[in-house]
Every structure is written in structure tokens, then in C-alpha cells.
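Asker: I have a structure I would like to understand better, so I am pasting it below and will then ask my questions one at a time.
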Amino acid sequence: MIEVIGLTKNYGSIRAVDNVFFKINRGEIFGLLGPNGAGKTTTIKILTTLSRPDSGRCVIDGFDVIENPFEIKKRIGVVPQENNLDRELTAYENLLIYGMLHGVKDNKNKIRKSLEMVDLWDRRDSVVSGFSGGMQRRLLLSRSLLTEPSVLFLDEPSIGLDPQIRRQMWDVIRKIRIEGRTVVITTHYIEEAEALCDRVGVLSKGRLIALDNPQNLKATVGEYVVEGVNGDGKIVQHIYKSRDEAHKFAEESETPVTIRKSNLEDVFIKLTGERIE
Amino acid sequence: MITSGWYPIFLREMLLFRRKLLRLGYLFSAMVVPIIYLIAFGLGLGRSVKIEGSDYLTFLIPGLVAMSSMNNSYTWVASALNLNRLYFKTFQIFVQAPISPSSIMIGEVLAGMVKGVFASSLIIIIGFLTSPGFSLTPIFITILFLNCFLFANLGVITGMLAKSHEDTATYSNFFIMPMAFFSGTFFPVDKVPFFIKPIIYVMPLTHTNIVIRKASVDSEGLISLFVLIAYAIMFFVYGSMLIKKYNE
């Protein structure tokens, strides 16, 4: 289990994370959703021992991140937002070094298993700089799984990937979950949060403004969105809790409108007045 | 706590180094500066100069070896670590691994030493080819390794402190470049004006140049040896501390 208690982090005068509290259950896929600069990556950096908070605590599997980082490092896998593979080394060498750093026993077999999981075993001896963006993201995921971590942190795992590769990545993440691991994902892709996450924490300007499963989050603001364009050419949205209310508004509207199901972007707009993507 | 966590860091650097060696540009860049100095000062100016009773090349070659070991141990570590920390983010893999800061330090420093010893070996070969008076003594070899160790440690410190890759060049211009010229590489330090001497004796390379030219360790050599060891320990401890306090 992961527990974040009153986490705060400042960079100079900017408060990147502002008194954030949440709990993540074992085996859960938990998403941190928010636009760039919302504090998602800073929260992940603190949880993965790269950054120290100014105040607050984080506990993973009973170990405090600040007081016992060594135990935390043994339990976590990280896919960072920025690709930190050694581009001049081969896929195999990247995993070999990583496995040795983490004291992985039976390293060679586990490297094979990890590379096969993301369909990269046949490219094991290729230098990473020759890989496409999607292959490098898959290799990052494979590397993070090599240590068989109980908690996996994925910071914007599908950023920059085309939709097809993104869906392949989601399939791998779902497989990881089946193995019983806890997965923490940061994303600003609404579709990704809705497709993968059991619960989503919505971050805005460093603050956690909502936390629930995607269905409940949508239900609280309304499940039906009536969308149209006003006289200034701007998109105008009205969110309703029932289909009948939405239809009634659409029928009475003087301009053409469409009705659709709400998504987490609508939740974010309702809560902050801003867009995520 | 020091664990065997240093080995994957060292291995990674060696795998990268092996690929660099296959490029001719790397070998050339490691050798070009000392060879220019050797030709300009040793084979040009040096033909008409005698120092401490022997020909100038016999004096110059150990100095060039010390300079080359300093430059290569320091520069490759400082530059690679800084780039890995700020741009490629591969340093973060080490920090997030369950290994001690000292292990990271040892892995980086040993890799820097290999690069320093490699570049120095090229100068040593040239020394044997051009200077009949040049010889390798146990003191020479010991000091060569100590010098590489010391400056690789300093490289880690620079790599950790520099806020941008351009900053590493600034550090080099202020500390490494003056040391190369004023620490007894090209002329004995007793020839410099007395008011500069205190600064010169603070520079670690001065002490390397003092000991590396000695056939046996006398009292002057012993003091310099202790100074080098003290610097090496100090730099190692400070570098490990910087890694321990790493915070994004």
C-alpha cells in the first residue's frame, strides 16, 4: 500500500505540490491526472526517491520514502517521462546493467522474459539509438519490470506514441496488474486514465482536487454533455446528470448541438474551468 | 556502505568506452593535445634546453603523462556525469538503484581512471620512442594511478555541481588549464616567482609532477605524496556526499 500524507514541494517561489493526501491500495492501477505543471511528475519523483519533499510523508509497503529509501528502491520500478535509456548500448546491455544495479538473481533469464513481454527479444543486440520512439518506451517498461517490483511507477508512459502503440502499451500494463502489482500512472491523456485506472486523482496547480473511480468522478459532475458553438465561435458545454435533461436542453437550443457521454476532461473543466490536454 | 554496486556502473562506462575506442576520433582527441605540446616544446624548443642536468624531453615526458592523466580522468568523468545527470538522465538510474553513494562514486572514478591510464599509456609509448632517458619506475606507475584517481574524483564533483554542460568548460578553464601550465609540466616550479608559489603548491598536479619525476621518494616526495593522498580522500568523500544529497 502507498500512503501520501500532506506532501508539499516548492521550487523557489513555485509550489509544485501543495499538501497532497491520498492512499493507493495493493494491486490497484492508480492514475494521477492533470495538465503539464500540475505536480504529477514531482509527486512521482518524491515517491521514487529522486526528490525530497519540503514537508509531508510518503510510505510504501510500510517504509518511509525519506527515512528508508534503500528499502523503497528494492520494491519499485520506474518508467520515467524522459527516456533515460543508454542510447549507445544495446537493448540487452541496458537491461543487463539495470539488473546488476538492482542485484537481480538469474538476470539473463529475467532479461529474456522482460524483453519477450514487450516483443523486443529479437532486437536485443540492436543499439537503442536505432529504435523508434515506441520501441524505446517499450524497452523502458521492460527494464522497469526486470526487478519484479511490487509497485510500478509510470510517468506519462504513452507520451508521444501513436494510438496503436499506445494500446499495445496499455495491454502490457493490464498484464502487469493481473500479476498483482500496484501501478501508479501519471497522464494527461483522458482516454488513458479512463481505459486503465481503477481510481484517478485529479491534480491542478499542485493540489489534489478530486479522487475517485472514473465513473463516480463523471457521475458527480454529470454524465451527459451538450456541446455547441456560440456566436463568438467558442465551444460551449452544459453537463447534465440525466439523459432526459440533456435532450430537453438540446431540443430547446436555437443553435445546433451534440450530446455525448462526459469524460474526465469534462470533470476537470467543471472543477477548474481549464482544459487538461 | 560500500557494496559491489560499483561494478555495473564501471561496466556500463567500459561498454560505452569500447564503442568510443572503435571511433578514430576518440583516440585522436585523447592524444592530440599532449602530442602538440611534445612537438612544440619538446622537439622544437626543447632541443636547445637542458633542465636539472638532462635533456628537456626527459623532463617533459613525465609532465605530459601527468597532464594527460589529469585531463582525461577529469574531463571524461565531469563531462559524462554532467550530461548523464542533466540531459540523458541516465544518472537517475544509479540514484534509484539500491546501492550506496560510495558505490556510484567508485564505479565512476574507476572508469575515469581507465580512461586516464589509457590516454597516458599513449604518451608513455611516445616517450619511449622519442626520449632515451625516459623510464617507468614503480613510483611513476603508482603516482600515475593516484593522479588518475584524484582527478576522476574531482571530475565527479564537477559533474555533480555544474548546472549546465557549459559550466563544466568554465570549471576546466579556471582550474584544470592553469594547473596544466603552472604545475611543473613544462618547467620546474622553483623557477616561478616566489609570490605565485603558494598558489602553485595548492595545486594537486604540482605534487604529482614533483613525485612522478623522482627515482626514489625523499622527504620532499613524501610530503607531496601525502598531499595527493589527502586531496584524493577529500575529493572522494565530498563527491560521495554530493551523490548522497542528490535531490531534483
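We name chains A, B, ... following the order of the C-alpha cells; residues begin at 1 in each chain, and ligands are numbered from 1 as shown.
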Chain B near chain A within 8 Å: what's each residue's closest atom pair and its distance in Å to one decimal, counting only C-alpha atoms, ordered by chain then ascending residue number, as a tab-separated table?
Answerer:
residue	atom	partner	partner_atom	distance
B:Gly5	CA	A:Leu101	CA	5.9
B:Pro8	CA	A:Ile97	CA	5.4
B:Ile9	CA	A:Ile97	CA	7.5
B:Leu11	CA	A:Ile97	CA	7.6
B:Arg12	CA	A:Ile97	CA	6.6
B:Leu15	CA	A:Leu89	CA	7.4
B:Leu16	CA	A:Glu88	CA	6.9
B:Phe88	CA	A:Asn84	CA	5.7
B:Lys89	CA	A:Asn84	CA	5.1
B:Thr90	CA	A:Asn84	CA	4.9
B:Gln92	CA	A:Leu50	CA	7.4
B:Ile93	CA	A:Tyr98	CA	7.7
B:Phe94	CA	A:Leu101	CA	7.3
B:Val95	CA	A:Leu50	CA	7.2
B:Gln96	CA	A:Lys73	CA	5.9
B:Ala97	CA	A:Lys73	CA	5.8
B:Pro98	CA	A:Lys73	CA	5.3
B:Ile99	CA	A:Leu101	CA	7.2
B:Tyr246	CA	A:Leu50	CA	7.5
B:Asn247	CA	A:Ser51	CA	4.7
B:Glu248	CA	A:Ser51	CA	4.8
Asker: What would the file look like if the residues just selected were written as a short mmCIF file (atom, residue, chain, number, x, y, z; two decimals), in the first residue's frame with N, CA and C atoms?
Answerer:
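Saved the output as out_36.cif:
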data_model
loop_
_atom_site.label_atom_id
_atom_site.label_comp_id
_atom_site.auth_asym_id
_atom_site.auth_seq_id
_atom_site.Cartn_x
_atom_site.Cartn_y
_atom_site.Cartn_z
N GLY B 5 27.89 -2.71 -5.86
CA GLY B 5 27.09 -1.89 -6.77
C GLY B 5 27.93 -1.05 -7.70
N PRO B 8 28.39 -2.62 -11.94
CA PRO B 8 27.59 -2.29 -13.13
C PRO B 8 27.83 -0.89 -13.66
N ILE B 9 28.15 0.05 -12.77
CA ILE B 9 28.42 1.43 -13.21
C ILE B 9 29.72 1.46 -14.00
N LEU B 11 31.07 -1.19 -15.47
CA LEU B 11 30.85 -1.98 -16.69
C LEU B 11 30.16 -1.16 -17.77
N ARG B 12 29.16 -0.38 -17.36
CA ARG B 12 28.45 0.48 -18.32
C ARG B 12 29.42 1.44 -19.00
N LEU B 15 31.59 -0.43 -21.46
CA LEU B 15 30.89 -0.79 -22.70
C LEU B 15 30.80 0.43 -23.62
N LEU B 16 30.54 1.58 -23.02
CA LEU B 16 30.48 2.83 -23.82
C LEU B 16 31.87 3.19 -24.33
N PHE B 88 20.75 13.36 -20.43
CA PHE B 88 20.32 12.00 -20.76
C PHE B 88 19.57 11.33 -19.61
N LYS B 89 19.74 11.87 -18.40
CA LYS B 89 19.03 11.38 -17.20
C LYS B 89 19.38 9.94 -16.84
N THR B 90 20.47 9.42 -17.37
CA THR B 90 20.86 8.04 -17.04
C THR B 90 21.44 7.96 -15.62
N GLN B 92 20.11 9.11 -13.06
CA GLN B 92 18.99 8.85 -12.16
C GLN B 92 18.78 7.35 -11.94
N ILE B 93 19.18 6.54 -12.91
CA ILE B 93 19.06 5.08 -12.76
C ILE B 93 19.93 4.61 -11.59
N PHE B 94 21.11 5.21 -11.47
CA PHE B 94 22.01 4.83 -10.37
C PHE B 94 21.41 5.26 -9.03
N VAL B 95 20.89 6.51 -9.01
CA VAL B 95 20.36 7.05 -7.76
C VAL B 95 19.14 6.26 -7.30
N GLN B 96 18.37 5.73 -8.25
CA GLN B 96 17.17 4.98 -7.88
C GLN B 96 17.45 3.49 -7.65
N ALA B 97 18.70 3.09 -7.77
CA ALA B 97 19.05 1.68 -7.52
C ALA B 97 19.43 1.51 -6.03
N PRO B 98 19.18 0.32 -5.49
CA PRO B 98 19.52 0.11 -4.07
C PRO B 98 21.02 -0.11 -3.85
N ILE B 99 21.80 0.90 -4.17
CA ILE B 99 23.26 0.85 -3.95
C ILE B 99 23.68 2.13 -3.22
N TYR B 246 21.85 14.11 -3.52
CA TYR B 246 21.20 14.40 -4.81
C TYR B 246 19.69 14.57 -4.62
N ASN B 247 19.17 15.64 -5.14
CA ASN B 247 17.75 15.97 -4.95
C ASN B 247 17.26 16.80 -6.14
N GLU B 248 16.25 16.31 -6.82
CA GLU B 248 15.75 17.06 -8.00
C GLU B 248 14.68 18.05 -7.59
#
Asker: Extract the full set of alpha helix (DSSP H) residues from segment 105-208 of chain A according to DSSP on the backbone, and format it as a PDB file with C-alpha atoms, in the first residue's frame.
Answerer:
ATOM      1  CA  ASN A 107      19.496 -11.914 -14.568  1.00  0.00           C
ATOM      2  CA  LYS A 108      19.882 -13.488 -18.023  1.00  0.00           C
ATOM      3  CA  ASN A 109      16.615 -15.445 -17.902  1.00  0.00           C
ATOM      4  CA  LYS A 110      14.742 -12.487 -16.489  1.00  0.00           C
ATOM      5  CA  ILE A 111      16.118 -10.202 -19.211  1.00  0.00           C
ATOM      6  CA  ARG A 112      14.822 -12.627 -21.800  1.00  0.00           C
ATOM      7  CA  LYS A 113      11.406 -12.780 -20.120  1.00  0.00           C
ATOM      8  CA  SER A 114      11.198  -8.973 -19.850  1.00  0.00           C
ATOM      9  CA  LEU A 115      12.215  -8.397 -23.464  1.00  0.00           C
ATOM     10  CA  GLU A 116       9.828 -11.067 -24.713  1.00  0.00           C
ATOM     11  CA  MET A 117       6.997  -9.432 -22.806  1.00  0.00           C
ATOM     12  CA  GLY A 133      10.095   6.086 -30.045  1.00  0.00           C
ATOM     13  CA  GLY A 134       7.553   3.337 -29.390  1.00  0.00           C
ATOM     14  CA  MET A 135      10.232   0.643 -29.126  1.00  0.00           C
ATOM     15  CA  GLN A 136      12.195   2.769 -26.664  1.00  0.00           C
ATOM     16  CA  ARG A 137       9.089   3.251 -24.481  1.00  0.00           C
ATOM     17  CA  ARG A 138       8.516  -0.498 -24.541  1.00  0.00           C
ATOM     18  CA  LEU A 139      12.138  -1.095 -23.598  1.00  0.00           C
ATOM     19  CA  LEU A 140      11.775   1.327 -20.675  1.00  0.00           C
ATOM     20  CA  LEU A 141       8.749  -0.638 -19.492  1.00  0.00           C
ATOM     21  CA  SER A 142      10.598  -3.913 -19.924  1.00  0.00           C
ATOM     22  CA  ARG A 143      13.548  -2.573 -17.909  1.00  0.00           C
ATOM     23  CA  SER A 144      11.305  -1.454 -15.059  1.00  0.00           C
ATOM     24  CA  LEU A 145       9.768  -4.948 -14.839  1.00  0.00           C
ATOM     25  CA  PRO A 163      -2.675   5.325 -30.909  1.00  0.00           C
ATOM     26  CA  GLN A 164      -1.903   1.759 -31.988  1.00  0.00           C
ATOM     27  CA  ILE A 165       1.358   1.546 -29.996  1.00  0.00           C
ATOM     28  CA  ARG A 166      -0.383   3.263 -27.079  1.00  0.00           C
ATOM     29  CA  ARG A 167      -2.979   0.494 -26.970  1.00  0.00           C
ATOM     30  CA  GLN A 168      -0.250  -2.165 -27.064  1.00  0.00           C
ATOM     31  CA  MET A 169       1.338  -0.408 -24.094  1.00  0.00           C
ATOM     32  CA  TRP A 170      -1.987  -0.471 -22.233  1.00  0.00           C
ATOM     33  CA  ASP A 171      -2.282  -4.218 -22.834  1.00  0.00           C
ATOM     34  CA  VAL A 172       1.127  -4.729 -21.226  1.00  0.00           C
ATOM     35  CA  ILE A 173       0.129  -2.544 -18.261  1.00  0.00           C
ATOM     36  CA  ARG A 174      -3.076  -4.573 -17.800  1.00  0.00           C
ATOM     37  CA  LYS A 175      -0.971  -7.770 -17.813  1.00  0.00           C
ATOM     38  CA  ILE A 176       1.244  -6.287 -15.090  1.00  0.00           C
ATOM     39  CA  ARG A 177      -1.821  -5.593 -12.990  1.00  0.00           C
ATOM     40  CA  ILE A 178      -3.012  -9.168 -13.371  1.00  0.00           C
ATOM     41  CA  ILE A 190      -8.025  11.362 -20.640  1.00  0.00           C
ATOM     42  CA  GLU A 191      -8.507   8.194 -22.664  1.00  0.00           C
ATOM     43  CA  GLU A 192      -5.543   6.542 -20.920  1.00  0.00           C
ATOM     44  CA  ALA A 193      -6.818   7.367 -17.436  1.00  0.00           C
ATOM     45  CA  GLU A 194     -10.307   6.072 -18.272  1.00  0.00           C
ATOM     46  CA  ALA A 195      -9.051   2.929 -20.006  1.00  0.00           C
ATOM     47  CA  LEU A 196      -6.586   1.829 -17.347  1.00  0.00           C
TER      48      LEU A 196
END
Asker: Go ahead and compute the interatomic distance for atom CA of Met67 of chain B and atom CA of Ile143 of chain B, in Å to one decimal.
Answerer: 12.1 Å
Asker: Can you tell me which residues surround Val4 of chain A at a distance of at most 12 Å, considering only C-alpha atoms, apart from same-chain residues fewer than 4 positions away, and format the answer as a ChimeraX atom specification?
Answerer: /A:8,17-25,43-44,46-47,53,55-65,208
Asker: Can you tell me how far atom CA of Gly239 of chain B sits from atom CA of Glu67 of chain A, in Å to one decimal?
Answerer: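 Distance between the two atoms: 21.6 Å.
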Asker: So that I can see what lies close to Gln237 of chain A, please list as JSON, numbers by chain the residues with an atom at most 7 Å from it, counting only C-alpha atoms and leaving out residues fewer than 4 positions away in the same chain.
Answerer: {"A": [225, 226, 227, 228]}
Asker: In segment 16-236 of chain B, what's strand (DSSP E) per DSSP? Answer as a tab-separated table (two decimals) with all heavy atoms, in the first residue's frame?
Answerer:
chain	number	residue	atom	x	y	z
B	50	LYS	N	68.35	22.48	-21.46
B	50	LYS	CA	68.65	21.40	-20.52
B	50	LYS	C	68.04	21.76	-19.17
B	50	LYS	O	68.12	22.91	-18.75
B	50	LYS	CB	70.16	21.22	-20.38
B	50	LYS	CG	70.78	20.40	-21.51
B	50	LYS	CD	72.10	19.81	-21.05
B	50	LYS	CE	72.70	18.86	-22.08
B	50	LYS	NZ	71.90	17.68	-22.31
B	51	ILE	N	67.42	20.79	-18.52
B	51	ILE	CA	66.82	21.05	-17.20
B	51	ILE	C	67.29	19.98	-16.24
B	51	ILE	O	67.28	18.79	-16.56
B	51	ILE	CB	65.28	21.07	-17.29
B	51	ILE	CG1	64.83	22.36	-18.00
B	51	ILE	CG2	64.64	21.00	-15.91
B	51	ILE	CD1	63.35	22.56	-18.08
B	54	SER	N	69.67	17.18	-17.42
B	54	SER	CA	69.37	16.23	-18.51
B	54	SER	C	68.59	16.95	-19.62
B	54	SER	O	68.19	18.09	-19.46
B	54	SER	CB	68.59	15.03	-17.97
B	54	SER	OG	67.43	15.47	-17.34
B	55	ASP	N	68.40	16.22	-20.72
B	55	ASP	CA	67.72	16.88	-21.86
B	55	ASP	C	66.26	17.15	-21.50
B	55	ASP	O	65.67	16.51	-20.61
B	55	ASP	CB	67.84	16.02	-23.13
B	55	ASP	CG	67.03	14.76	-23.03
B	55	ASP	OD1	67.47	13.84	-22.28
B	55	ASP	OD2	65.97	14.70	-23.64
Asker: Work out how far atom CA of Ile159 of chain A is from atom CA of Glu28 of chain A, in Å to one decimal.
Answerer: 21.6 Å
Asker: List as a tab-separated table every residue of segment 14-85 of chain B that is in contact with segment 131-135 of chain B, defined as an atom at most 8 Å from one of its atoms (using only C-alpha atoms), together with the nearest atom pair and the distance in Å rounded to one decimal, sorted by chain and then rising number.
Answerer:
residue	atom	partner	partner_atom	distance
B:Leu57	CA	B:Ser131	CA	6.0
B:Thr58	CA	B:Gly133	CA	5.5
B:Ile61	CA	B:Phe134	CA	7.4
Asker: Counting only C-alpha atoms, which of B:Leu161, B:Met241, B:Leu154, B:Ile39 gets nearest to Leu83 of chain B?
Answerer: B:Leu161
Asker: Near segment 230-233 of chain A, counting only C-alpha atoms, which residues have an atom at most 12 Å away, once you skip same-chain residues fewer than 3 positions from it, shown as a PyMOL selection string?
Answerer: chain A and resi 227+236-237+253-257
Asker: Kindly indicate which residue among A:Glu223, A:Glu252, A:Asp125, A:Asp155 lies nearest to Asp266 of chain A, using only C-alpha atoms for the distances.
Answerer: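 The shortest atom-to-atom distance to Asp266 of chain A comes from A:Glu223.
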Asker: Which residues come within 10 Å of segment 123-129 of chain B, counting only C-alpha atoms, excluding same-chain residues fewer than 5 positions away, as JSON, numbers by chain?
Answerer: {"B": [30, 31, 34, 35, 38, 57, 58, 60, 61, 62, 64, 65, 66, 68, 69, 117, 118, 134, 135, 136]}
Asker: Need the shell around Ser73 of chain B: protein/DNA/RNA residues with any atom at most 7 Å away, counting only C-alpha atoms. Skip same-chain ones fewer than 5 positions apart. Format as a PyMOL selection string?
Answerer: chain B and resi 112-113+115-116+148+151-152
Asker: For Phe268 of chain A, which residue out of A:His247, A:Arg26, A:His188, A:Lys241 is the nearest one, using only C-alpha atoms?
Answerer: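 Residue with the minimum atom-to-atom distance to Phe268 of chain A: A:His188.
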Asker: Name the closest residue to Leu242 of chain B among the candidates B:Leu86, B:Leu150, B:Met160, B:Leu43; distances are taken between atoms, counting only C-alpha atoms.
Answerer: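 Among the listed residues, B:Met160 lies closest to Leu242 of chain B.
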